[in-house]
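Trainee: One file: final.txt (compact mmCIF, C-alpha atoms).
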```txt
# COMPACT_ATOMS: atom_id res chain seq x y z
CA MET A 1158 0.00 0.00 0.00
CA ASP A 1159 1.49 3.36 -0.99
CA ALA A 1160 1.50 6.48 1.19
CA ALA A 1161 -1.61 7.96 -0.47
CA GLN A 1162 -3.58 4.75 0.12
CA GLN A 1163 -2.39 4.60 3.73
CA GLU A 1164 -3.46 8.21 4.26
CA ALA A 1165 -6.87 7.56 2.69
CA THR A 1166 -7.36 4.48 4.88
CA ALA A 1167 -6.39 6.41 8.01
CA ARG A 1168 -8.85 9.18 7.05
CA ALA A 1169 -11.63 6.64 6.47
CA ARG A 1170 -10.99 4.99 9.84
CA GLU A 1171 -11.06 8.38 11.58
CA LEU A 1172 -14.38 9.18 9.90
CA GLN A 1173 -15.69 5.80 11.04
CA ARG A 1174 -14.56 6.58 14.59
CA ASN A 1175 -16.49 9.87 14.42
CA TRP A 1176 -19.61 8.31 12.89
CA TYR A 1177 -19.75 4.94 14.64
CA GLY A 1178 -17.64 5.42 17.78
CA GLU A 1179 -14.81 3.19 16.50
CA PRO A 1180 -13.36 1.92 13.21
CA LEU A 1181 -15.72 -0.56 11.58
CA GLY A 1182 -12.97 -3.17 11.28
CA ALA A 1183 -12.75 -3.38 15.09
CA LEU A 1184 -16.52 -3.28 15.52
CA PHE A 1185 -17.17 -6.00 12.92
CA ARG A 1186 -14.34 -8.23 14.23
CA ARG A 1187 -15.86 -8.01 17.72
CA LEU A 1188 -19.30 -8.97 16.36
CA ILE A 1189 -17.76 -11.89 14.46
CA ASP A 1190 -16.01 -13.11 17.63
CA ASP A 1191 -18.88 -12.48 20.05
CA LEU A 1192 -21.58 -14.02 17.86
CA GLY A 1193 -19.50 -16.85 16.38
CA LEU A 1194 -19.88 -15.65 12.80
CA ASN A 1195 -17.62 -15.49 9.79
CA GLN A 1196 -17.40 -12.45 7.51
CA ALA A 1197 -19.75 -13.91 4.90
CA ARG A 1198 -22.44 -14.65 7.52
CA LEU A 1199 -22.04 -11.18 9.09
CA ALA A 1200 -22.39 -9.59 5.66
CA GLY A 1201 -25.56 -11.62 5.06
CA VAL A 1202 -27.15 -10.65 8.37
CA LEU A 1203 -26.32 -6.99 7.79
CA GLY A 1204 -27.54 -7.02 4.20
CA LEU A 1205 -24.16 -6.08 2.72
CA SER A 1206 -22.17 -7.80 0.03
CA ALA A 1207 -19.04 -9.56 1.26
CA PRO A 1208 -16.81 -7.19 -0.77
CA MET A 1209 -18.57 -4.15 0.75
CA LEU A 1210 -18.08 -5.52 4.27
CA SER A 1211 -14.41 -6.10 3.47
CA GLN A 1212 -14.02 -2.54 2.16
CA LEU A 1213 -15.62 -1.11 5.30
CA MET A 1214 -13.44 -3.27 7.56
CA SER A 1215 -10.22 -2.37 5.78
CA GLY A 1216 -10.97 1.34 5.60
CA GLN A 1217 -11.20 1.41 1.81
CA ARG A 1218 -14.73 2.72 2.30
CA ALA A 1219 -15.74 4.92 5.23
CA LYS A 1220 -19.51 5.05 5.49
CA ILE A 1221 -22.40 2.61 5.56
CA GLY A 1222 -24.81 4.23 3.12
CA ASN A 1223 -27.96 2.37 4.08
CA PRO A 1224 -29.61 3.44 7.38
CA ALA A 1225 -31.23 0.00 7.74
CA VAL A 1226 -27.76 -1.58 7.73
CA VAL A 1227 -26.62 0.86 10.44
CA GLN A 1228 -29.69 -0.16 12.45
CA ARG A 1229 -28.81 -3.85 12.00
CA VAL A 1230 -25.26 -3.17 13.20
CA GLN A 1231 -26.69 -1.62 16.37
CA LEU A 1232 -29.07 -4.54 16.86
CA LEU A 1233 -26.18 -6.99 16.49
CA GLN A 1234 -24.12 -5.01 19.01
CA ASP A 1235 -26.99 -5.26 21.49
CA LEU A 1236 -27.38 -8.96 20.78
CA ALA A 1237 -23.65 -9.56 21.29
CA GLY A 1238 -23.91 -7.83 24.67
CA GLN A 1239 -26.85 -10.01 25.65
CA VAL A 1240 -24.95 -13.16 24.64
CA ALA A 1241 -21.93 -11.97 26.63
CA ASP A 1242 -23.97 -11.31 29.79
CA GLY A 1243 -25.78 -14.64 29.45
CA SER A 1244 -29.28 -13.22 29.00
CA VAL A 1245 -29.51 -14.73 25.48
CA SER A 1246 -28.42 -18.27 24.59
CA ALA A 1247 -26.51 -19.16 21.43
CA ALA A 1248 -29.66 -20.76 19.99
CA GLU A 1249 -31.72 -17.65 20.73
CA ALA A 1250 -28.97 -15.50 19.22
CA THR A 1251 -29.15 -17.46 15.97
CA GLU A 1252 -32.92 -16.96 15.87
CA ARG A 1253 -32.56 -13.24 16.62
CA MET A 1254 -29.96 -12.83 13.88
CA GLU A 1255 -32.53 -14.12 11.39
CA GLU A 1256 -35.00 -11.50 12.68
CA ILE A 1257 -32.33 -8.79 12.42
CA LYS A 1258 -31.50 -9.89 8.88
CA LYS A 1259 -35.14 -9.36 7.90
CA SER A 1260 -35.50 -6.01 9.68
CA GLN A 1261 -35.85 -2.92 7.52
CA GLY A 1262 -34.74 -0.37 10.10
CA GLY A 1263 -37.10 2.07 11.75
CA SER A 1264 -37.88 2.08 15.43
CA VAL A 1265 -36.48 -1.00 17.07
CA LEU A 1266 -37.95 -0.07 20.43
CA SER A 1267 -41.28 -1.24 19.09
CA ASN A 1268 -39.90 -4.78 18.86
CA THR A 1269 -40.15 -5.96 22.46
CA THR A 1270 -38.12 -9.13 22.03
CA GLN A 1271 -35.10 -7.19 20.81
CA SER A 1272 -35.29 -4.17 23.10
CA THR A 1273 -36.07 -5.50 26.53
CA GLY A 1274 -34.34 -7.25 29.35
CA SER A 1275 -35.80 -10.17 31.27
CA SER A 1276 -38.07 -7.79 33.22
CA GLY A 1277 -39.81 -6.66 30.03
CA ALA A 1278 -38.46 -3.10 30.36
CA PRO A 1279 -36.02 -1.66 27.83
CA THR A 1280 -32.43 -2.16 28.98
CA VAL A 1281 -30.33 0.92 29.79
CA LYS A 1282 -27.94 0.03 27.00
CA ARG A 1283 -30.84 -0.27 24.56
CA VAL A 1284 -32.20 3.15 25.51
CA VAL A 1285 -28.74 4.69 25.24
CA ARG A 1286 -28.17 3.14 21.82
CA GLU A 1287 -31.52 4.48 20.61
CA ILE A 1288 -30.52 7.99 21.72
CA GLN A 1289 -27.11 7.60 20.05
CA SER A 1290 -28.71 6.30 16.87
CA LEU A 1291 -31.14 9.19 16.72
CA LEU A 1292 -28.45 11.83 17.28
CA ARG A 1293 -26.07 10.19 14.80
CA SER A 1294 -28.80 9.99 12.17
CA VAL A 1295 -29.20 13.77 12.40
CA ALA A 1296 -25.52 14.78 12.28
CA ALA A 1297 -21.99 13.42 12.17
CA ALA A 1298 -20.04 13.27 15.44
CA GLY A 1299 -17.84 16.23 14.45
CA ASP A 1300 -20.91 18.40 13.87
CA ILE A 1301 -22.42 17.31 17.18
CA ILE A 1302 -19.20 18.22 19.01
CA GLU A 1303 -19.17 21.60 17.26
CA ALA A 1304 -22.76 22.19 18.39
CA ALA A 1305 -21.84 21.11 21.93
CA ASP A 1306 -18.92 23.58 21.95
CA THR A 1307 -21.32 26.33 20.88
CA LEU A 1308 -23.78 25.43 23.65
CA ALA A 1309 -21.20 24.85 26.40
CA PRO A 1310 -20.90 28.44 27.72
CA SER A 1311 -24.64 28.87 28.27
CA HIS A 1312 -25.88 25.25 28.58
CA PRO A 1313 -23.03 23.03 29.86
CA GLU A 1314 -25.26 20.08 30.79
CA LEU A 1315 -26.84 19.98 27.34
CA ALA A 1316 -23.39 20.27 25.76
CA GLU A 1317 -22.20 17.32 27.84
CA PHE A 1318 -25.25 15.31 26.76
CA LEU A 1319 -24.51 15.99 23.09
CA ARG A 1320 -20.84 15.05 23.47
CA VAL A 1321 -21.50 11.85 25.41
CA TYR A 1322 -24.42 10.53 23.36
CA GLY A 1323 -23.64 12.08 19.99
CA ALA A 1324 -19.93 11.34 19.76
CA GLY A 1325 -18.97 9.21 22.76
CA ARG A 1326 -18.69 5.52 23.38
CA THR A 1327 -21.76 3.54 24.40
CA SER A 1328 -20.17 2.56 27.73
CA ASP A 1329 -19.63 6.24 28.62
CA ALA A 1330 -23.21 7.07 27.62
CA VAL A 1331 -24.54 4.20 29.76
CA ALA A 1332 -22.55 5.52 32.75
CA HIS A 1333 -23.89 9.04 32.09
CA TYR A 1334 -27.46 7.75 31.84
CA GLN A 1335 -27.16 5.76 35.05
CA SER A 1336 -25.63 8.71 36.93
CA HIS A 1337 -28.67 10.84 36.04
CA GLN A 1338 -31.31 8.36 37.18
CA SER A 1339 -32.97 9.15 40.50
```
Transcribe the structure of this file into structure tokens.
Mentor:
Amino acid sequence: MDAAQQEATARARELQRNWYGEPLGALFRRLIDDLGLNQARLAGVLGLSAPMLSQLMSGQRAKIGNPAVVQRVQLLQDLAGQVADGSVSAAEATERMEEIKKSQGGSVLSNTTQSTGSSGAPTVKRVVREIQSLLRSVAAAGDIIEAADTLAPSHPELAEFLRVYGAGRTSDAVAHYQSHQS
């Protein structure tokens, strides 16, 4: 890879970090490991071609153009978390992946089986991811940070909210959410 290609790849990965919280290569590798998939199966569940998935993972392409695919990525991240914490079995995960594959995007909070914990209430992580998804569908992380910087002098709490949910990591947003619950 020549210097120009390396620079373009680095730029694409930085854009991915801004848009998705981390480079897609790392995110997709984690999903593959956590859910016991291979790249071809992950591509199928997401509704991407295998070459497109490869381009996104390698940084040859920066952005997922289809909002429904972005939604499926978020659903798979939630599912991977549920498998990791033991609330969803491997068999249930396989069944859920088929549901995710068929999903067309839109509000996932309306789908109770995918958005709730064992109590029937939406999980904190699920709520946080919905907020992140909504903010990130409106603007890129860099624009959200710029808006937060503009708001910070007069509305510091709102600026913090925008930074944490609009451009931060899910774990930080979960901690923020939990710290503001009474």
Trainee: Report, in Å to a single decimal, how far apart CA of Leu1172 in chain A and CA of Ala1298 in chain A are.
Mentor: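 Straight-line distance from CA of Ala1298 in chain A to CA of Leu1172 in chain A works out to 8.9 Å.
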Trainee: How many Å lie between CA of Ala1248 in chain A and CA of Gln1261 in chain A, rounded to one decimal?
Mentor: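 That distance, rounded to one decimal, is 22.6 Å.
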Trainee: Any idea what's packed within 10 Å of Tyr1334 in chain A, counting only C-alpha atoms, ignoring anything in its chain fewer than 6 positions away? Could you give it as JSON, numbers by chain?
Mentor: {"A": [1281, 1282, 1284, 1285, 1318, 1321, 1322, 1328]}
Trainee: Mind writing the picked residues with C-alpha atoms as a PDB file, in the frame of the given file?
Mentor:
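Listing of out-v3.pdb after writing:
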```pdb
ATOM      1  CA  VAL A1281     -30.330   0.920  29.790  1.00  0.00           C
ATOM      2  CA  LYS A1282     -27.940   0.030  27.000  1.00  0.00           C
ATOM      3  CA  VAL A1284     -32.200   3.150  25.510  1.00  0.00           C
ATOM      4  CA  VAL A1285     -28.740   4.690  25.240  1.00  0.00           C
ATOM      5  CA  PHE A1318     -25.250  15.310  26.760  1.00  0.00           C
ATOM      6  CA  VAL A1321     -21.500  11.850  25.410  1.00  0.00           C
ATOM      7  CA  TYR A1322     -24.420  10.530  23.360  1.00  0.00           C
ATOM      8  CA  SER A1328     -20.170   2.560  27.730  1.00  0.00           C
TER       9      SER A1328
END
```
Trainee: Quick one: residues within 10 Å of range 1176-1178 of chain A, all atoms listed in the file counted, chain neighbours fewer than 4 positions away excluded, as a ChimeraX atom specification?
Mentor: /A:1170-1172,1184,1219-1221,1227,1230-1231,1289-1290,1293-1294,1296-1299,1323-1327
Trainee: Excluding same-chain residues fewer than 6 positions from Asp1306 in chain A, what lies within 12 Å of it counting all atoms listed in the file, as a list of chain:residue names?
Mentor: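 After dropping sequence-adjacent residues, the list is A:Gly1299, A:Asp1300, A:His1312, A:Pro1313, A:Glu1314, A:Leu1315, A:Ala1316, A:Glu1317, A:Phe1318, A:Leu1319, A:Arg1320.
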Trainee: Would you work out the distance separating CA of His1333 in chain A from CA of Ile1189 in chain A, expressed in Å to one decimal?
Mentor: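 So the two atoms, CA of His1333 in chain A and CA of Ile1189 in chain A, lie 28.0 Å apart.
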Trainee: Counting all atoms listed in the file, what is within 12 Å of Asn1195 in chain A, bar same-chain residues fewer than 5 positions away, as number ranges by chain?
Mentor: A: 1185-1190, 1200-1202, 1207, 1210-1211
Trainee: Save out the residues we just selected, C-alpha atoms, as a tab-separated table (two decimals), keeping the file's coordinate frame.
Mentor:
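selection_29.tsv, freshly written:
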```tsv
chain	number	residue	atom	x	y	z
A	1185	PHE	CA	-17.17	-6.00	12.92
A	1186	ARG	CA	-14.34	-8.23	14.23
A	1187	ARG	CA	-15.86	-8.01	17.72
A	1188	LEU	CA	-19.30	-8.97	16.36
A	1189	ILE	CA	-17.76	-11.89	14.46
A	1190	ASP	CA	-16.01	-13.11	17.63
A	1200	ALA	CA	-22.39	-9.59	5.66
A	1201	GLY	CA	-25.56	-11.62	5.06
A	1202	VAL	CA	-27.15	-10.65	8.37
A	1207	ALA	CA	-19.04	-9.56	1.26
A	1210	LEU	CA	-18.08	-5.52	4.27
A	1211	SER	CA	-14.41	-6.10	3.47
```
Trainee: Which residue, A:Val1240, A:Leu1213, A:Ala1330, A:Leu1291, has the smallest gap to Ala1183 in chain A when you use all atoms listed in the file?
Mentor: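 Residue with the minimum atom-to-atom distance to Ala1183 in chain A: A:Leu1213.
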Trainee: Which one of A:Glu1252, A:Arg1286, A:Leu1203, A:Ala1305 sits closest to Val1331 in chain A if you count all atoms listed in the file?
Mentor: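 Using all atoms listed in the file, Val1331 in chain A sits closest to A:Arg1286.
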Trainee: For a cutoff of 8 Å around the file-coordinate point (-12.2, -3.7, 6.8), which residues qualify once you count all atoms listed in the file? I'd like the result as number ranges by chain.
Mentor: A: 1181-1182, 1210-1217
Trainee: Using all atoms of range 1165-1176 of chain A listed in the file and a margin of 5 Å per side, can you give the axis-aligned box centre and edge lengths in Å to one decimal, as JSON?
Mentor:
```
{"center_x": -13.0, "center_y": 7.2, "center_z": 8.6, "size_x": 23.2, "size_y": 15.4, "size_z": 21.9}
```
Trainee: Considering all atoms listed in the file, state which residue in the set A:Leu1199, A:Val1226, A:Leu1236, A:Met1254 is at the smallest distance from Arg1283 in chain A.
Mentor: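 Among the listed residues, the smallest separation from Arg1283 in chain A belongs to A:Leu1236.
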